[in-house]
Amino acid sequence: MDRFVFLLATGIADGVVFALFALSLVLIWRSTRIINFAAAAMAVTACYLALAVTDLTGSYWAGLIIAVLVGGTLGWAVERGVMRAARDPLSGVILAIGTVMVLQALTGILAGPQSRPAPVPFGDRPVIVGGVPTLSPYDLFVIAVAVTLTAGLHTLFARTSLGLQMRAAAFAPEMSRLLGVPVARMRTLGWILAAAVGALAVLLAVPGELGLDPHAGDPLFVSAFAVAVIGGLDSAEGAVIGGLLVGVLVSLVTGYLGAAVAPLGVLALLALVLLVRPAGLFAGVEARRV
Amino acid sequence: MNQNPRRIVLLTVGGLVVALAGTFLLDPYRNYLLALVAAHLCAIAGLSLLIGRTGQLSLGHAALMAAGGYGYVAGVKLGDGAVPDGLQPVLGLIVAVVTASVVGLLLGLAGARLHGPYLAGLTLAVVLALPALTSQIPALGGDQGLMVPFRSVPQALSSLIALEQWQAWIALTVVAVVLGVLATVDAGASGIRMRAVRDDEVAAALAGIRPGRIKVQAFVLSAAAAGAGGGVLCFVDSGVRPGGYGVTLSLLLVVGVVVGGTGRLAGAAIGAALVVLLPWLIGLGTSGLDLPAEAAQRLDGNLAVLVFGLLLIGLTVAAPTGALGLLTRAGASRKRSAPSIPTTSKD
C-alpha cells in the first residue's frame with residue numbers, strides 16, 4: 001500500500017509535467033491546426049542552453065529564465081522560418097520532422113551523445129507523511145509552477161482581449177483578418193507561447209526520470225502526444241486530466257512491471273483511445289467537415 | 001497510370017538484368033552497399049506509395065522492417081532441416097513479408113480511422129515501444145537481437161562471384177519483385193481507388209469505394225514491402241538487432257520518400273541511394289579531416305542527420321515533387337522549347 005501511495009504521488013508529479021508539455025501541443029494545434037512534432041526537440045535544445053547558463057552562472061533561476069526565453073525564440077524562428085511553408089497537415093508533419101533532425105543533430109554534435117546531469121533547486125527526497133514516502137519539495141515546486149502556468153494560460157485565453165484575438169485568428173482566420181485581427185502575428189505569438197511553455201515543462205522534467213540527452217525528447221513527445229490525444233487536442237482541461245492519467249499510468253507500470261514496459265503502456269493507452277474515441281475523451285461533438 | 005502490366009514486367013526484368021550485370025563492375029564493399037540500398041529501397045518504395053497515394057504518413061516503417069527481420073529469422077529456423085539449405089532464405093523472406101503484413105494489418109486497422117498527424121503519432125509510438133517489446137519477449141533476444149546462420153555463395157557460383165556480390169544479387173531480385181508488385185498495383189484499379197480516397201473520402205465513398213478498406217489494403221501492401229526490405233537486411237547482416245530499427249531509421253525512410261518525390265517509385269531509388277550512401281560519404285570525408293577522436297565520434301552519424309534534416313525542410317519548401325520532379329520538370333521545359341511532341345502524362 002505504501003508503495004502504491006508513493007507511486008501514485010510520483011505519477012501525479014510526472015503527470016503535471018506531461019500535462020504542461022501537452023498544453024504546448026494543444027496551444028499550437030489550436031492556433032494552426034498543426035501537431036508540432038518538433039515540440040520536444042525544440043524544448044530539449046532550449047534546456048541544453050539553459051543548463052549551460054546554469055553551469056556558467058551557478059544560478060538555477062537564470063537557467064530557468066533562459067529556457068523560457070530560448071524556447072520562445074525557437075518557437076518564433078521555427079514558425080517564421082520553417083512552418084510557414086506548410087501547405088497541408090502532411091507537409092506540416094514533414095517540416096517538423098526535418099526540424100527535429102536538425103535540432104537533434106546539432107545538440108548531438110555540440111553537446112555529445114552522453115546524458116547530462118541536471119541541477120535541482122530543492123531537495124528531491126520524498127517527504128515522509130505518516131510513515132509513507134510521498135512527494136519531494138521539488139515535486140511540489142513542479143506542481144506549483146504547472147498549476148500557476150495553466151491558470152495563467154486559462155486567464156489569458158478566457159479573459160483577455162489578446163486571448164480572444166488568438167482564439168479568433170485560429171478559429172476563423174479570414175473573418176478575423178477582416179475584423180482587424182493581425183492573424184499572422186497571433187499565430188506567431190501562439191508558437192512563441194507554446195514553445196516557451198514546452199521548454200519550461202522539459203526543464204522541470206529533466207531532473208526526474210527524463211534525463212537530458214539529444215534524444216530525450218522522443219519518448220517525452222510520444223507521452224505528451226498521447227496526453228493531448230486523450231484530452232482531445234482542442235481542450236486545455238483535457239490536457240491536464242490526460243496528463244495526470246498518463247503520469248499515474250506510467251508511474252504504476254514502471255513501479256510494478258519495470259521501466260522498460262512503460263512505452264508499451266503508453267502505446268496501449270494511445271491505441272485504445274484512438275480506436276474508441278479518436279477525437280479524445282473530452283472533445284465535443286464536431287460537425288463533419290467535407 | 002498508363003503503364004500496362006506487360007510493360008511493367010519488361011521494365012522490372014530488364015532493370016534487374018542490367019543491375020545484376022552491373023554488380024560485376026563493383027568491388028565487394030560497394031556490392032554490400034548496393035544490397036543495403038536495395039533493402040532500403042523496398043521500404044521506401046512501399047512508404048512512398050502509402051504517403052503518395054493514400055496520404056497516410058507512417059513514422060513506423062522502421063518497426064515494420066524490424067518485423068520483417070524477425071520474420072526472416074523465424075522462417076530460417078522453421079526451414080532448418082525441413083527444406084534444403086539453399087531454399088531457407090526464400091522461406092525466410094516469405095515469412096518476413098507475412099510477419100510484416102500481419103503487423104501492418106493491425107496498424108492499418110487502427111490507422112484507417114485516423115487522419116494524418118494522428119496516424120503519424122501512433123506509428124511513432126510503435127517504433128519507440130519496439131525496444132521495450134524485444135526486451136520483454138525472451139524469444140526476440142532482447143537488445144542483442146537474433147542471429148541467423150551465415151550463408152555462403154552456392155557451390156555452382158562460388159568460383160564466379162564473391163559473397164557480397166551474391167548478397168547484392170538476392171537483394172536486387174527481391175527489390176525487383178517488390179517494385180514490380182507495387183507498380184502493378186499502382187497502375188491497376190486499386191491505384192485509382194487509392195487516389196480517389198486520398199483526394200476526397202466522401203466522394204470516393206459515394207462512388208462505391210470503401211475508404212477504410214482501401215487505406216488498410218494500402219497499409220498492408222506498404223508493410224509487406226517494408227518487411228521484404230527488413231528480411232533482405234537480415235539476410236545481408238546475418239541477424240537483426242532492435243537498436244538498428246529506431247526512430248532515426250523511420251525518419252530516414254521519410255527523407256528517402258520526400259527526396260525522390262512522394263509517390264514516385266523511380267524516385268524512391270534516388271532516395272534509397274541517398275539515405276545509404278550519404279552517411280558513408282560523409283564518414284569518408286570526416287575521416288579524411290584527421291579530427292580528434294571525440295569530435296569525430298560526435299560528428300559520426302549526426303552530421304548526416306543534420307544534412308538530411310536540412311534537405312527535408314529545403315525540399316518540402318522549394319521542391320515538393322522531389323529530385324525526380326525537378327528532373328522531369330527540367331526535361332519537360334526542354335521539350336517545350338523543342339518542336340512539340342505529343343507526350344503522355346506520367347503520374
# chains A, B, ... in the order shown; residues from 1 in each chain; ligands from 1
call {"tool": "select_by_dssp", "arguments": {"residues": "range 120-199 of chain A", "states": "strand (DSSP E)", "output": "list in words"}}
result
Ile128, Val129, Val132 and Pro133 of chain A
call {"tool": "closest_atom_pairs", "arguments": {"of": "chain A", "to": "chain B", "cutoff": "6 Å", "atoms": "only C-alpha atoms", "output": "JSON lines"}}
result
{"residue": "A:Ala85", "atom": "CA", "partner": "B:Val317", "partner_atom": "CA", "distance": 5.7}
{"residue": "A:Leu95", "atom": "CA", "partner": "B:Ile313", "partner_atom": "CA", "distance": 5.4}
{"residue": "A:Gly98", "atom": "CA", "partner": "B:Gly309", "partner_atom": "CA", "distance": 4.2}
{"residue": "A:Met101", "atom": "CA", "partner": "B:Gly309", "partner_atom": "CA", "distance": 4.9}
{"residue": "A:Val102", "atom": "CA", "partner": "B:Leu306", "partner_atom": "CA", "distance": 4.7}
{"residue": "A:Ala105", "atom": "CA", "partner": "B:Asn302", "partner_atom": "CA", "distance": 4.6}
{"residue": "A:Ile109", "atom": "CA", "partner": "B:Arg298", "partner_atom": "CA", "distance": 5.0}
{"residue": "A:Gly112", "atom": "CA", "partner": "B:Arg298", "partner_atom": "CA", "distance": 5.7}
{"residue": "A:Val222", "atom": "CA", "partner": "B:Ala125", "partner_atom": "CA", "distance": 5.8}
{"residue": "A:Ala260", "atom": "CA", "partner": "B:Ala132", "partner_atom": "CA", "distance": 5.2}
{"residue": "A:Val261", "atom": "CA", "partner": "B:Ala132", "partner_atom": "CA", "distance": 5.7}
{"residue": "A:Pro263", "atom": "CA", "partner": "B:Ala129", "partner_atom": "CA", "distance": 5.1}
{"residue": "A:Leu264", "atom": "CA", "partner": "B:Ala129", "partner_atom": "CA", "distance": 5.5}
{"residue": "A:Leu267", "atom": "CA", "partner": "B:Ala125", "partner_atom": "CA", "distance": 5.8}
call {"tool": "atom_distance", "arguments": {"atom1": "CA of Gly92 in chain A", "atom2": "CA of Arg33 in chain A"}}
result
9.5 Å
call {"tool": "select_by_dssp", "arguments": {"residues": "range 39-75 of chain B", "states": "alpha helix (DSSP H)", "output": "mmCIF file with N, CA and C atoms, in the first residue's frame"}}
result
data_model
loop_
_atom_site.group_PDB
_atom_site.id
_atom_site.type_symbol
_atom_site.label_atom_id
_atom_site.label_comp_id
_atom_site.auth_asym_id
_atom_site.auth_seq_id
_atom_site.Cartn_x
_atom_site.Cartn_y
_atom_site.Cartn_z
ATOM 1 N N ALA B 39 17.711 -3.008 -49.983
ATOM 2 C CA ALA B 39 16.860 -3.284 -48.824
ATOM 3 C C ALA B 39 16.075 -2.041 -48.429
ATOM 4 N N HIS B 40 16.759 -0.891 -48.388
ATOM 5 C CA HIS B 40 16.054 0.340 -48.029
ATOM 6 C C HIS B 40 15.060 0.744 -49.110
ATOM 7 N N LEU B 41 15.410 0.431 -50.357
ATOM 8 C CA LEU B 41 14.509 0.793 -51.455
ATOM 9 C C LEU B 41 13.159 0.101 -51.297
ATOM 10 N N CYS B 42 13.175 -1.179 -50.876
ATOM 11 C CA CYS B 42 11.901 -1.890 -50.664
ATOM 12 C C CYS B 42 11.006 -1.076 -49.743
ATOM 13 N N ALA B 43 11.552 -0.681 -48.578
ATOM 14 C CA ALA B 43 10.750 0.016 -47.581
ATOM 15 C C ALA B 43 10.353 1.406 -48.067
ATOM 16 N N ILE B 44 11.293 2.113 -48.705
ATOM 17 C CA ILE B 44 10.998 3.486 -49.136
ATOM 18 C C ILE B 44 9.945 3.490 -50.240
ATOM 19 N N ALA B 45 10.052 2.525 -51.162
ATOM 20 C CA ALA B 45 9.063 2.461 -52.235
ATOM 21 C C ALA B 45 7.675 2.203 -51.652
ATOM 22 N N GLY B 46 7.593 1.276 -50.684
ATOM 23 C CA GLY B 46 6.300 0.989 -50.060
ATOM 24 C C GLY B 46 5.747 2.203 -49.336
ATOM 25 N N LEU B 47 6.628 2.894 -48.605
ATOM 26 C CA LEU B 47 6.194 4.079 -47.849
ATOM 27 C C LEU B 47 5.785 5.197 -48.797
ATOM 28 N N SER B 48 6.529 5.324 -49.891
ATOM 29 C CA SER B 48 6.234 6.367 -50.868
ATOM 30 C C SER B 48 4.838 6.171 -51.449
ATOM 31 N N LEU B 49 4.528 4.920 -51.765
ATOM 32 C CA LEU B 49 3.202 4.620 -52.304
ATOM 33 C C LEU B 49 2.135 4.938 -51.270
ATOM 34 N N HIS B 61 7.647 2.727 -40.121
ATOM 35 C CA HIS B 61 8.119 1.710 -41.055
ATOM 36 C C HIS B 61 9.410 1.043 -40.617
ATOM 37 N N ALA B 62 10.162 1.696 -39.716
ATOM 38 C CA ALA B 62 11.337 1.011 -39.169
ATOM 39 C C ALA B 62 10.896 -0.218 -38.377
ATOM 40 N N ALA B 63 9.814 -0.074 -37.617
ATOM 41 C CA ALA B 63 9.306 -1.213 -36.849
ATOM 42 C C ALA B 63 8.820 -2.311 -37.788
ATOM 43 N N LEU B 64 8.233 -1.931 -38.917
ATOM 44 C CA LEU B 64 7.776 -2.944 -39.866
ATOM 45 C C LEU B 64 8.962 -3.657 -40.504
ATOM 46 N N MET B 65 10.054 -2.911 -40.765
ATOM 47 C CA MET B 65 11.271 -3.560 -41.266
ATOM 48 C C MET B 65 11.802 -4.528 -40.220
ATOM 49 N N ALA B 66 11.767 -4.097 -38.951
ATOM 50 C CA ALA B 66 12.220 -4.991 -37.886
ATOM 51 C C ALA B 66 11.360 -6.249 -37.842
ATOM 52 N N ALA B 67 10.042 -6.073 -38.014
ATOM 53 C CA ALA B 67 9.141 -7.226 -38.045
ATOM 54 C C ALA B 67 9.573 -8.177 -39.155
ATOM 55 N N GLY B 68 9.940 -7.604 -40.317
ATOM 56 C CA GLY B 68 10.439 -8.423 -41.412
ATOM 57 C C GLY B 68 11.702 -9.170 -41.018
ATOM 58 N N GLY B 69 12.605 -8.468 -40.329
ATOM 59 C CA GLY B 69 13.854 -9.101 -39.908
ATOM 60 C C GLY B 69 13.610 -10.276 -38.975
ATOM 61 N N TYR B 70 12.756 -10.059 -37.961
ATOM 62 C CA TYR B 70 12.443 -11.147 -37.026
ATOM 63 C C TYR B 70 11.720 -12.278 -37.753
ATOM 64 N N GLY B 71 10.844 -11.890 -38.718
ATOM 65 C CA GLY B 71 10.154 -12.909 -39.503
ATOM 66 C C GLY B 71 11.143 -13.753 -40.282
ATOM 67 N N TYR B 72 12.164 -13.110 -40.828
ATOM 68 C CA TYR B 72 13.177 -13.828 -41.603
ATOM 69 C C TYR B 72 13.868 -14.874 -40.729
ATOM 70 N N VAL B 73 14.259 -14.431 -39.520
ATOM 71 C CA VAL B 73 14.921 -15.373 -38.605
ATOM 72 C C VAL B 73 14.002 -16.552 -38.310
ATOM 73 N N ALA B 74 12.714 -16.240 -38.033
ATOM 74 C CA ALA B 74 11.762 -17.301 -37.722
ATOM 75 C C ALA B 74 11.628 -18.263 -38.899
ATOM 76 N N GLY B 75 11.583 -17.694 -40.115
ATOM 77 C CA GLY B 75 11.437 -18.524 -41.306
ATOM 78 C C GLY B 75 12.626 -19.455 -41.495
#
call {"tool": "residues_around", "arguments": {"residues": "Val248 in chain A", "least_positions_apart": "2", "cutoff": "10 Å", "atoms": "only C-alpha atoms", "output": "VMD selection string"}}
result
chain A and resid 7 to 16 242 to 246 250 to 254
call {"tool": "write_last_selection", "arguments": {"atoms": "N, CA and C atoms", "output": "tab-separated table (two decimals), in the first residue's frame"}}
result
chain	number	residue	atom	x	y	z
A	7	LEU	N	3.92	5.58	-5.54
A	7	LEU	CA	3.88	5.59	-7.00
A	7	LEU	C	2.82	6.56	-7.50
A	8	LEU	N	1.70	6.59	-6.79
A	8	LEU	CA	0.62	7.50	-7.17
A	8	LEU	C	1.09	8.94	-7.09
A	9	ALA	N	1.77	9.26	-5.98
A	9	ALA	CA	2.26	10.63	-5.80
A	9	ALA	C	3.27	10.99	-6.87
A	10	THR	N	4.23	10.08	-7.13
A	10	THR	CA	5.22	10.35	-8.19
A	10	THR	C	4.52	10.51	-9.52
A	11	GLY	N	3.51	9.65	-9.75
A	11	GLY	CA	2.77	9.70	-11.01
A	11	GLY	C	2.12	11.05	-11.20
A	12	ILE	N	1.55	11.59	-10.11
A	12	ILE	CA	0.90	12.90	-10.23
A	12	ILE	C	1.95	13.97	-10.54
A	13	ALA	N	3.09	13.89	-9.89
A	13	ALA	CA	4.14	14.88	-10.16
A	13	ALA	C	4.61	14.79	-11.61
A	14	ASP	N	4.82	13.55	-12.10
A	14	ASP	CA	5.20	13.39	-13.51
A	14	ASP	C	4.08	13.87	-14.43
A	15	GLY	N	2.86	13.52	-14.04
A	15	GLY	CA	1.70	13.82	-14.88
A	15	GLY	C	1.51	15.30	-15.08
A	16	VAL	N	1.83	16.07	-14.03
A	16	VAL	CA	1.70	17.52	-14.14
A	16	VAL	C	2.63	18.05	-15.23
A	242	GLY	N	-5.71	14.42	-18.93
A	242	GLY	CA	-4.96	13.39	-19.65
A	242	GLY	C	-3.55	13.25	-19.12
A	243	GLY	N	-2.93	14.37	-18.80
A	243	GLY	CA	-1.56	14.34	-18.27
A	243	GLY	C	-1.49	13.58	-16.97
A	244	LEU	N	-2.43	13.85	-16.08
A	244	LEU	CA	-2.43	13.14	-14.80
A	244	LEU	C	-2.64	11.64	-15.01
A	245	LEU	N	-3.59	11.32	-15.93
A	245	LEU	CA	-3.86	9.90	-16.23
A	245	LEU	C	-2.60	9.19	-16.71
A	246	VAL	N	-1.95	9.79	-17.72
A	246	VAL	CA	-0.78	9.15	-18.30
A	246	VAL	C	0.36	9.09	-17.27
A	250	VAL	N	2.05	5.65	-16.23
A	250	VAL	CA	3.48	5.38	-16.45
A	250	VAL	C	4.16	5.05	-15.13
A	251	SER	N	3.82	5.81	-14.07
A	251	SER	CA	4.45	5.58	-12.78
A	251	SER	C	4.10	4.19	-12.23
A	252	LEU	N	2.83	3.81	-12.33
A	252	LEU	CA	2.42	2.49	-11.82
A	252	LEU	C	3.06	1.37	-12.63
A	253	VAL	N	3.05	1.52	-13.97
A	253	VAL	CA	3.63	0.47	-14.81
A	253	VAL	C	5.13	0.35	-14.53
A	254	THR	N	5.80	1.52	-14.41
A	254	THR	CA	7.23	1.50	-14.12
A	254	THR	C	7.51	0.85	-12.77
call {"tool": "residues_around", "arguments": {"residues": "Pro149 in chain B", "least_positions_apart": "3", "cutoff": "9 Å", "atoms": "only C-alpha atoms", "output": "JSON list (two decimals) with C-alpha atoms, in the first residue's frame"}}
result
[["chain", "number", "residue", "atom", "x", "y", "z"],
["B", 76, "VAL", "CA", 15.03, -19.74, -41.45],
["B", 238, "SER", "CA", 23.08, -12.33, -40.81],
["B", 239, "GLY", "CA", 20.88, -11.10, -38.00]]
